[in-house]
>>> print(open('input.txt').read())   # compact mmCIF, C-alpha atoms
# COMPACT_ATOMS: atom_id res chain seq x y z
CA MET A 1 -6.78 67.24 -29.62
CA GLN A 2 -8.65 70.38 -28.64
CA ASN A 3 -8.27 71.68 -25.13
CA ILE A 4 -8.65 74.47 -22.62
CA ILE A 5 -6.99 74.96 -19.26
CA ILE A 6 -8.60 75.41 -15.88
CA ILE A 7 -6.39 77.05 -13.27
CA THR A 8 -7.24 76.50 -9.64
CA PRO A 9 -5.92 77.05 -6.14
CA PRO A 10 -3.60 74.25 -4.97
CA HIS A 11 -6.14 72.40 -2.82
CA ILE A 12 -8.31 71.46 -5.82
CA THR A 13 -7.84 67.90 -7.08
CA LEU A 14 -9.30 65.80 -9.87
CA ASN A 15 -11.86 64.48 -7.40
CA TYR A 16 -13.43 67.94 -7.34
CA PHE A 17 -14.27 67.68 -11.02
CA ALA A 18 -15.27 64.03 -10.80
CA GLU A 19 -17.78 64.81 -8.05
CA LYS A 20 -19.23 67.73 -10.01
CA LEU A 21 -19.69 65.67 -13.17
CA GLU A 22 -20.62 62.22 -11.88
CA PRO A 23 -24.32 62.98 -11.30
CA TYR A 24 -24.71 63.83 -14.97
CA TYR A 25 -22.09 61.97 -16.96
CA ASP A 26 -20.28 58.67 -17.15
CA VAL A 27 -16.99 59.55 -15.42
CA GLU A 28 -14.05 57.20 -15.15
CA ILE A 29 -11.05 57.85 -12.96
CA VAL A 30 -8.34 56.50 -15.22
CA SER A 31 -5.35 57.38 -13.05
CA ASP A 32 -4.15 59.81 -10.41
CA ASP A 33 -3.84 62.49 -13.04
CA ARG A 34 -6.68 61.79 -15.47
CA ILE A 35 -10.42 61.36 -15.57
CA VAL A 36 -12.43 60.65 -18.71
CA ILE A 37 -16.01 61.76 -19.35
CA ASP A 38 -17.93 59.71 -21.86
CA ASP A 39 -21.04 61.07 -23.54
CA GLY A 40 -22.29 58.76 -26.23
CA GLY A 41 -19.39 58.82 -28.66
CA MET A 42 -18.08 62.19 -27.55
CA TYR A 43 -15.53 62.29 -24.82
CA ALA A 44 -13.55 64.69 -22.72
CA ALA A 45 -10.69 64.19 -20.32
CA ILE A 46 -9.48 66.28 -17.43
CA ASN A 47 -5.79 65.92 -16.77
CA LEU A 48 -3.67 67.24 -13.95
CA ASP A 49 -0.93 68.69 -16.10
CA ASP A 50 2.48 69.47 -14.63
CA TYR A 51 4.03 70.32 -17.98
CA ILE A 52 1.87 73.34 -18.67
CA THR A 53 3.97 75.66 -16.54
CA GLU A 54 6.78 75.27 -19.11
CA GLU A 55 4.40 76.39 -21.82
CA TYR A 56 3.52 79.76 -20.34
CA ASP A 57 5.84 82.67 -20.75
CA GLU A 58 6.96 84.46 -17.64
CA ALA A 59 4.61 87.42 -18.03
CA GLU A 60 1.58 85.19 -18.43
CA PHE A 61 2.58 83.01 -15.51
CA ASN A 62 3.10 86.05 -13.30
CA LEU A 63 -0.33 87.34 -14.30
CA ILE A 64 -1.88 84.06 -13.22
CA SER A 65 0.15 83.84 -10.00
CA GLY A 66 -0.96 87.35 -9.15
CA VAL A 67 -4.50 86.01 -8.90
CA ILE A 68 -3.89 82.45 -7.68
CA LYS A 69 -0.89 81.77 -5.49
CA GLN A 70 0.62 78.38 -6.33
CA PRO A 71 -1.79 77.65 -9.19
CA THR A 72 -2.69 74.12 -10.24
CA PHE A 73 -3.32 73.50 -13.93
CA PHE A 74 -5.91 71.11 -15.32
CA LEU A 75 -5.95 70.43 -19.01
CA ILE A 76 -9.40 69.66 -20.38
CA GLU A 77 -9.18 67.80 -23.67
CA PHE A 78 -12.32 67.30 -25.70
CA SER A 79 -13.32 65.48 -28.84
CA HIS A 80 -16.29 67.75 -29.51
CA PHE A 81 -16.80 71.42 -28.74
CA GLU A 82 -20.43 70.67 -28.00
CA LEU A 83 -19.46 68.40 -25.11
CA LEU A 84 -17.02 70.91 -23.69
CA LYS A 85 -19.74 73.55 -23.56
CA LYS A 86 -21.98 71.11 -21.71
CA ILE A 87 -19.48 70.14 -19.01
CA ILE A 88 -17.65 73.42 -18.49
CA PRO A 89 -20.37 75.00 -16.31
CA PHE A 90 -19.90 72.17 -13.83
CA CYS A 91 -16.15 72.66 -13.81
CA VAL A 92 -15.49 76.38 -13.54
CA ASN A 93 -18.39 77.81 -11.54
CA HIS A 94 -16.08 78.66 -8.66
CA PRO A 95 -14.97 82.16 -7.64
CA GLY A 96 -11.34 81.14 -7.31
CA PHE A 97 -10.88 79.55 -10.73
CA LEU A 98 -9.43 80.90 -13.95
CA ILE A 99 -9.89 79.48 -17.40
CA ASP A 100 -7.44 79.87 -20.27
CA ASN A 101 -9.07 79.20 -23.62
CA ASP A 102 -5.61 78.85 -25.27
CA HIS A 103 -6.66 81.47 -27.80
CA GLY A 104 -5.28 84.50 -26.06
CA ASP A 105 -7.75 84.98 -23.22
CA ILE A 106 -7.82 84.10 -19.56
CA PHE A 107 -11.12 84.57 -17.78
CA SER A 108 -12.28 84.21 -14.24
CA GLY A 109 -14.48 81.11 -14.23
CA GLN A 110 -17.61 83.14 -13.65
CA ALA A 111 -16.79 85.69 -16.35
CA PHE A 112 -16.32 82.83 -18.77
CA LEU A 113 -19.67 81.32 -17.89
CA LEU A 114 -21.38 84.70 -18.11
CA LYS A 115 -20.01 85.22 -21.60
CA LEU A 116 -21.03 81.72 -22.63
CA ASN A 117 -24.53 82.18 -21.25
CA GLN A 118 -24.88 85.49 -23.08
CA ASN A 119 -23.75 83.89 -26.32
CA PRO A 120 -24.18 80.12 -26.36
CA ARG A 121 -22.75 80.01 -29.88
CA TRP A 122 -19.49 81.67 -28.82
CA ASP A 123 -16.56 79.88 -30.47
CA TRP A 124 -13.24 81.21 -29.24
CA ARG A 125 -11.34 78.81 -31.53
CA ILE A 126 -11.86 81.04 -34.53
CA ALA A 127 -9.89 83.94 -33.11
CA CYS A 128 -6.51 84.14 -31.50
CA ARG A 129 -4.74 86.94 -29.68
CA PRO A 130 -2.67 88.92 -32.20
CA PRO A 131 1.07 88.38 -31.80
CA GLY A 132 2.59 90.93 -29.48
CA GLU A 133 -0.65 91.73 -27.71
CA GLN A 134 -0.41 91.14 -24.00
CA MET A 135 -2.65 88.68 -22.28
CA ARG A 136 -4.91 90.00 -19.55
CA ILE A 137 -7.34 88.34 -17.20
CA LYS A 138 -10.97 89.07 -17.91
CA SER A 139 -13.27 89.24 -14.93
CA LYS A 140 -17.03 89.45 -14.70
CA ASN A 141 -16.79 93.22 -14.42
CA GLY A 142 -14.68 93.61 -17.56
CA MET B 1 14.21 74.22 -36.98
CA LEU B 2 12.35 71.39 -38.65
CA ILE B 3 14.36 68.62 -40.28
CA LYS B 4 13.16 66.23 -42.91
CA VAL B 5 12.67 62.71 -41.64
CA LYS B 6 12.07 59.77 -43.92
CA VAL B 7 10.86 56.79 -42.02
CA ASN B 8 9.78 53.46 -43.42
CA MET B 9 6.97 52.37 -41.20
CA PRO B 10 4.54 49.46 -41.49
CA MET B 11 1.08 50.40 -42.64
CA HIS B 12 -1.41 51.08 -39.89
CA PRO B 13 -4.94 50.36 -41.00
CA PRO B 14 -7.61 52.82 -39.87
CA ASN B 15 -9.45 51.78 -36.72
CA ALA B 16 -13.14 51.97 -35.99
CA ASP B 17 -12.79 55.44 -34.47
CA ASN B 18 -11.36 56.90 -37.62
CA LYS B 19 -13.50 59.77 -38.80
CA GLN B 20 -13.27 59.28 -42.52
CA LEU B 21 -15.64 59.62 -45.43
CA ALA B 22 -15.54 57.15 -48.28
CA PRO B 23 -15.18 58.79 -51.70
CA SER B 24 -18.61 59.98 -52.77
CA LYS B 25 -17.97 59.28 -56.44
CA LEU B 26 -16.11 56.40 -58.01
CA PRO B 27 -14.02 56.79 -61.16
CA ALA B 28 -16.10 56.14 -64.26
CA GLY B 29 -15.91 52.61 -65.58
CA GLY B 30 -14.19 51.06 -62.59
CA GLY B 31 -14.38 49.98 -58.98
CA ASP B 32 -12.76 51.64 -56.07
CA ASP B 33 -9.03 51.61 -56.75
CA GLY B 34 -8.35 53.70 -53.72
CA PRO B 35 -7.65 57.41 -53.52
CA THR B 36 -6.35 59.18 -56.59
CA PRO B 37 -5.30 62.78 -57.16
CA ALA B 38 -8.61 63.32 -58.96
CA ASN B 39 -10.65 61.66 -56.23
CA PRO B 40 -8.99 62.16 -52.86
CA ARG B 41 -10.55 60.90 -49.65
CA ARG B 42 -12.18 63.57 -47.51
CA PHE B 43 -11.86 63.74 -43.76
CA THR B 44 -14.07 65.39 -41.20
CA SER B 45 -13.31 66.41 -37.65
CA ASP B 46 -14.90 68.53 -34.97
CA ASP B 47 -11.62 70.43 -35.01
CA PRO B 48 -11.74 72.39 -38.29
CA LEU B 49 -7.96 72.77 -38.44
CA VAL B 50 -7.49 69.01 -38.27
CA ALA B 51 -9.96 68.36 -41.08
CA ASP B 52 -8.53 71.13 -43.23
CA LEU B 53 -4.95 69.93 -42.81
CA ALA B 54 -5.78 66.26 -43.30
CA ASN B 55 -7.57 67.05 -46.53
CA LYS B 56 -4.67 69.15 -47.79
CA ILE B 57 -2.27 66.31 -47.05
CA GLU B 58 -4.54 63.78 -48.70
CA ALA B 59 -4.98 65.97 -51.78
CA ARG B 60 -1.21 66.30 -52.14
CA TYR B 61 -0.28 62.74 -51.21
CA PRO B 62 -3.28 60.44 -51.82
CA GLY B 63 -3.42 57.55 -49.39
CA HIS B 64 -0.91 59.08 -47.01
CA VAL B 65 -3.42 59.87 -44.27
CA VAL B 66 -4.21 56.81 -42.23
CA GLY B 67 -6.89 58.57 -40.21
CA VAL B 68 -7.89 61.56 -38.10
CA ASN B 69 -8.76 61.80 -34.41
CA GLN B 70 -7.45 58.31 -33.79
CA LYS B 71 -8.30 57.35 -30.23
CA ILE B 72 -5.53 55.48 -28.46
CA ARG B 73 -6.62 53.11 -25.69
CA ASP B 74 -4.74 51.33 -22.96
CA ALA B 75 -4.95 47.60 -22.24
CA ARG B 76 -8.20 48.18 -20.34
CA GLY B 77 -9.78 50.01 -23.23
CA ARG B 78 -9.57 53.45 -21.65
CA ILE B 79 -8.73 56.40 -23.87
CA VAL B 80 -5.18 57.55 -23.19
CA THR B 81 -4.94 60.21 -25.85
CA ASP B 82 -5.72 60.67 -29.46
CA ILE B 83 -3.70 61.37 -32.55
CA ASP B 84 -5.06 64.26 -34.56
CA ILE B 85 -3.72 63.07 -37.91
CA GLU B 86 -2.03 59.73 -38.39
CA LEU B 87 0.09 59.41 -41.51
CA GLN B 88 1.92 56.47 -42.98
CA ASN B 89 5.19 57.94 -41.72
CA ALA B 90 4.35 60.21 -38.79
CA ASN B 91 1.79 61.38 -36.27
CA ILE B 92 0.69 65.01 -36.28
CA GLN B 93 -0.74 66.74 -33.22
CA VAL B 94 -2.54 69.92 -34.20
CA LYS B 95 -3.48 73.00 -32.22
CA SER B 96 -5.45 75.97 -33.52
CA GLY B 97 -4.50 78.09 -30.51
CA GLU B 98 -1.29 78.78 -28.64
CA GLY B 99 -0.71 75.09 -28.02
CA LYS B 100 -0.79 74.70 -24.27
CA GLY B 101 -1.17 71.03 -23.44
CA LEU B 102 0.94 69.95 -26.41
CA THR B 103 3.86 68.83 -24.25
CA ARG B 104 1.71 66.39 -22.36
CA GLN B 105 0.09 65.22 -25.57
CA VAL B 106 3.46 64.64 -27.23
CA ILE B 107 4.74 62.64 -24.27
CA LYS B 108 1.63 60.48 -24.24
CA THR B 109 1.83 59.91 -27.98
CA GLN B 110 5.51 58.97 -27.83
CA ALA B 111 4.66 56.33 -25.26
CA ILE B 112 2.28 54.55 -27.61
CA SER B 113 3.75 55.00 -31.07
CA ASP B 114 7.16 54.67 -32.70
CA LYS B 115 6.26 57.06 -35.48
CA PRO B 116 7.88 60.47 -35.28
CA ILE B 117 5.61 63.14 -33.88
CA ILE B 118 5.12 66.52 -35.46
CA ALA B 119 3.41 69.26 -33.50
CA PHE B 120 1.75 71.83 -35.72
CA GLY B 121 -0.25 74.99 -35.19
CA PRO B 122 -0.18 78.37 -36.90
CA ASN B 123 -0.26 80.19 -33.54
CA LEU B 124 1.95 78.07 -31.33
CA GLY B 125 3.62 80.01 -28.55
CA ARG B 126 7.41 80.13 -28.29
CA HIS B 127 7.46 78.39 -24.95
CA VAL B 128 5.22 75.64 -26.22
CA GLN B 129 7.49 75.09 -29.21
CA ARG B 130 10.55 74.97 -27.02
CA SER B 131 8.96 72.58 -24.54
CA VAL B 132 7.79 70.22 -27.28
CA ALA B 133 11.11 70.28 -29.14
CA ARG B 134 12.89 69.45 -25.90
CA ARG B 135 10.91 66.21 -25.84
CA GLY B 136 12.18 65.20 -29.26
CA ALA B 137 9.15 66.06 -31.33
CA LEU B 138 9.35 68.13 -34.48
CA VAL B 139 7.39 71.36 -34.24
CA THR B 140 6.41 74.02 -36.73
CA THR B 141 3.96 76.81 -37.34
CA ASP B 142 4.58 76.68 -41.09
CA GLU B 143 2.04 74.61 -42.96
CA ASN B 144 4.03 74.57 -46.21
CA LEU B 145 7.09 73.29 -44.42
CA LEU B 146 5.01 70.63 -42.72
CA LEU B 147 3.60 69.46 -46.06
CA GLU B 148 7.13 69.14 -47.42
CA VAL B 149 8.53 67.32 -44.43
CA ILE B 150 5.84 64.65 -44.35
CA LYS B 151 6.25 63.78 -48.01
CA PRO B 152 6.09 59.99 -48.45
>>> encode(input="input.txt", output="structure tokens")
Amino acid sequence: MQNIIIITPPHITLNYFAEKLEPYYDVEIVSDDRIVIDDGGMYAAINLDDYITEEYDEAEFNLISGVIKQPTFFLIEFSHFELLKKIIPFCVNHPGFLIDNDHGDIFSGQAFLLKLNQNPRWDWRIACRPPGEQMRIKSKNG
Amino acid sequence: MLIKVKVNMPMHPPNADNKQLAPSKLPAGGGDDGPTPANPRRFTSDDPLVADLANKIEARYPGHVVGVNQKIRDARGRIVTDIDIELQNANIQVKSGEGKGLTRQVIKTQAISDKPIIAFGPNLGRHVQRSVARRGALVTTDENLLLEVIKP
């Protein structure tokens, strides 16, 4: 399944995302660590994911921790890219959030949204960071 | 390292969520005898890597793909996870990117299926591979190897 990762300060919980999305989408709180968003055949899920820290290498994790002390990782899975693009503005429009597109880039939430607004057809899935190139965090200012 | 696993598993019929196209042309002079090398089934998916891989598998081993993007639901009908490509003998979870999230996905898939799980992606990170392998799933970035290992 396709996914991206939202990285937040430790006080953010799944309820934050549920509250942002509930006015606009059918949101079900499935468990303590998962909510599902249904949109007419397309669906997305936001999972509190404790395993992700094993999946980052040390340099990447240190880069993230340099911005967010004690980061919390939420895995957003989606059946359709179109749905992800619709819900992501509700989820990452927060100055303290980072978003990892799992294709070599980590953005501040607002830089990500700025890029998406500038190019609504942006599809990061078709490119991936070349092996050996270091990850860096992209902010609104570049 | 990926090892070859031959597992005899009962057939799992496609469910209603299976994104699958029926063959657009039938063999001349006959009804639908199922997929053949000359007339493989074609699969579609919002994830282009899933569709591409499923179609390669189906072209090589007609009838081997049970379905793509198979939603797995709990007893209350809520979606727990989905299986990117379900085969007769294995489940494949596919990532086009570095693969973060695969560990969780593998664990969830193992909880609902006895079929061996193979994690595949051409760009999987080392730490992702290690984390997934530690959970007992097979993992590879090599498509050719994957196609060999899943041979019926």
>>> interface_residues(input="input.txt", of="chain A", to="chain B", cutoff="7 Å", atoms="all atoms listed in the file", output="ChimeraX atom specification")
/A:1-2,51-52,54-57,75,80,102-103,125,128
>>> closest_residue(input="input.txt", among="A:Asp38, A:Ile7, A:Asn119, A:Phe17", to="Ile137 (chain A)", atoms="all atoms listed in the file")
A:Ile7
>>> atom_distance(input="input.txt", atom1="CA of Ile106 (chain A)", atom2="CA of Ser79 (chain A)")
21.5 Å
>>> atom_distance(input="input.txt", atom1="CA of Ile46 (chain A)", atom2="CA of Thr109 (chain B)")
16.7 Å
>>> atom_distance(input="input.txt", atom1="CA of Asn117 (chain A)", atom2="CA of Asn101 (chain A)")
15.9 Å
>>> residues_around(input="input.txt", residues="region 107-110 of chain A", least_positions_apart="6", cutoff="10 Å", atoms="all atoms listed in the file", output="JSON, numbers by chain")
{"A": [6, 7, 8, 67, 88, 89, 91, 92, 93, 94, 95, 96, 97, 98, 99, 100, 101, 116, 136, 137, 138, 139, 140, 142]}
>>> residues_around(input="input.txt", residues="Leu84 (chain A)", least_positions_apart="2", cutoff="10 Å", atoms="only C-alpha atoms", output="ChimeraX atom specification")
/A:2-4,42-45,76-82,86-89
>>> residues_around(input="input.txt", residues="Asp50 (chain A)", least_positions_apart="6", cutoff="9 Å", atoms="all atoms listed in the file", output="mmCIF file with C-alpha atoms, in the coordinates of the input")
data_model
loop_
_atom_site.group_PDB
_atom_site.id
_atom_site.type_symbol
_atom_site.label_atom_id
_atom_site.label_comp_id
_atom_site.auth_asym_id
_atom_site.auth_seq_id
_atom_site.Cartn_x
_atom_site.Cartn_y
_atom_site.Cartn_z
ATOM 1 C CA THR A 72 -2.690 74.120 -10.240
ATOM 2 C CA PHE A 73 -3.320 73.500 -13.930
ATOM 3 C CA PHE A 74 -5.910 71.110 -15.320
ATOM 4 C CA ARG B 104 1.710 66.390 -22.360
#
>>> residues_near_point(input="input.txt", point="(3.5, 55.3, -38.7)", cutoff="6 Å", atoms="all atoms listed in the file", output="list of chain:residue names")
B:Met9, B:Gln88, B:Asn89, B:Ala90, B:Lys115
>>> decode(input="input.txt", residues="region 87-101 of chain B", atoms="N, CA, C and O atoms", output="mmCIF file, in the first residue's frame")
data_model
loop_
_atom_site.group_PDB
_atom_site.id
_atom_site.type_symbol
_atom_site.label_atom_id
_atom_site.label_comp_id
_atom_site.auth_asym_id
_atom_site.auth_seq_id
_atom_site.Cartn_x
_atom_site.Cartn_y
_atom_site.Cartn_z
ATOM 1 N N LEU B 87 -0.910 -13.781 -4.379
ATOM 2 C CA LEU B 87 -0.624 -14.885 -5.296
ATOM 3 C C LEU B 87 -1.223 -16.162 -4.739
ATOM 4 O O LEU B 87 -1.683 -16.205 -3.589
ATOM 5 N N GLN B 88 -1.155 -17.205 -5.529
ATOM 6 C CA GLN B 88 -1.615 -18.505 -5.032
ATOM 7 C C GLN B 88 -0.749 -18.962 -3.861
ATOM 8 O O GLN B 88 -1.241 -19.627 -2.952
ATOM 9 N N ASN B 89 0.539 -18.580 -3.883
ATOM 10 C CA ASN B 89 1.443 -19.132 -2.867
ATOM 11 C C ASN B 89 2.098 -18.101 -1.963
ATOM 12 O O ASN B 89 2.951 -18.444 -1.153
ATOM 13 N N ALA B 90 1.748 -16.846 -2.091
ATOM 14 C CA ALA B 90 2.394 -15.816 -1.270
ATOM 15 C C ALA B 90 1.616 -14.501 -1.357
ATOM 16 O O ALA B 90 0.760 -14.334 -2.225
ATOM 17 N N ASN B 91 1.961 -13.611 -0.458
ATOM 18 C CA ASN B 91 1.457 -12.238 -0.515
ATOM 19 C C ASN B 91 2.639 -11.316 -0.727
ATOM 20 O O ASN B 91 3.671 -11.465 -0.061
ATOM 21 N N ILE B 92 2.495 -10.359 -1.637
ATOM 22 C CA ILE B 92 3.579 -9.415 -1.902
ATOM 23 C C ILE B 92 3.138 -8.020 -1.473
ATOM 24 O O ILE B 92 2.064 -7.553 -1.853
ATOM 25 N N GLN B 93 3.967 -7.375 -0.674
ATOM 26 C CA GLN B 93 3.738 -5.973 -0.318
ATOM 27 C C GLN B 93 4.791 -5.160 -1.060
ATOM 28 O O GLN B 93 5.980 -5.440 -0.977
ATOM 29 N N VAL B 94 4.333 -4.167 -1.784
ATOM 30 C CA VAL B 94 5.166 -3.445 -2.747
ATOM 31 C C VAL B 94 5.335 -1.997 -2.308
ATOM 32 O O VAL B 94 4.390 -1.360 -1.835
ATOM 33 N N LYS B 95 6.542 -1.494 -2.476
ATOM 34 C CA LYS B 95 6.781 -0.068 -2.211
ATOM 35 C C LYS B 95 7.611 0.510 -3.356
ATOM 36 O O LYS B 95 8.643 -0.066 -3.739
ATOM 37 N N SER B 96 7.192 1.637 -3.891
ATOM 38 C CA SER B 96 7.975 2.285 -4.937
ATOM 39 C C SER B 96 9.093 3.136 -4.345
ATOM 40 O O SER B 96 10.077 3.436 -4.999
ATOM 41 N N GLY B 97 8.928 3.515 -3.086
ATOM 42 C CA GLY B 97 9.915 4.393 -2.449
ATOM 43 C C GLY B 97 10.851 3.622 -1.550
ATOM 44 O O GLY B 97 11.174 2.465 -1.797
ATOM 45 N N GLU B 98 11.285 4.259 -0.485
ATOM 46 C CA GLU B 98 12.270 3.660 0.411
ATOM 47 C C GLU B 98 11.673 2.595 1.321
ATOM 48 O O GLU B 98 12.410 1.825 1.936
ATOM 49 N N GLY B 99 10.365 2.570 1.432
ATOM 50 C CA GLY B 99 9.720 1.448 2.110
ATOM 51 C C GLY B 99 9.315 1.674 3.547
ATOM 52 O O GLY B 99 8.908 0.739 4.234
ATOM 53 N N LYS B 100 9.398 2.910 4.016
ATOM 54 C CA LYS B 100 9.005 3.124 5.412
ATOM 55 C C LYS B 100 7.517 2.771 5.565
ATOM 56 O O LYS B 100 6.699 3.085 4.714
ATOM 57 N N GLY B 101 7.200 2.135 6.670
ATOM 58 C CA GLY B 101 5.840 1.653 6.864
ATOM 59 C C GLY B 101 5.702 0.175 6.543
ATOM 60 O O GLY B 101 4.692 -0.443 6.896
#
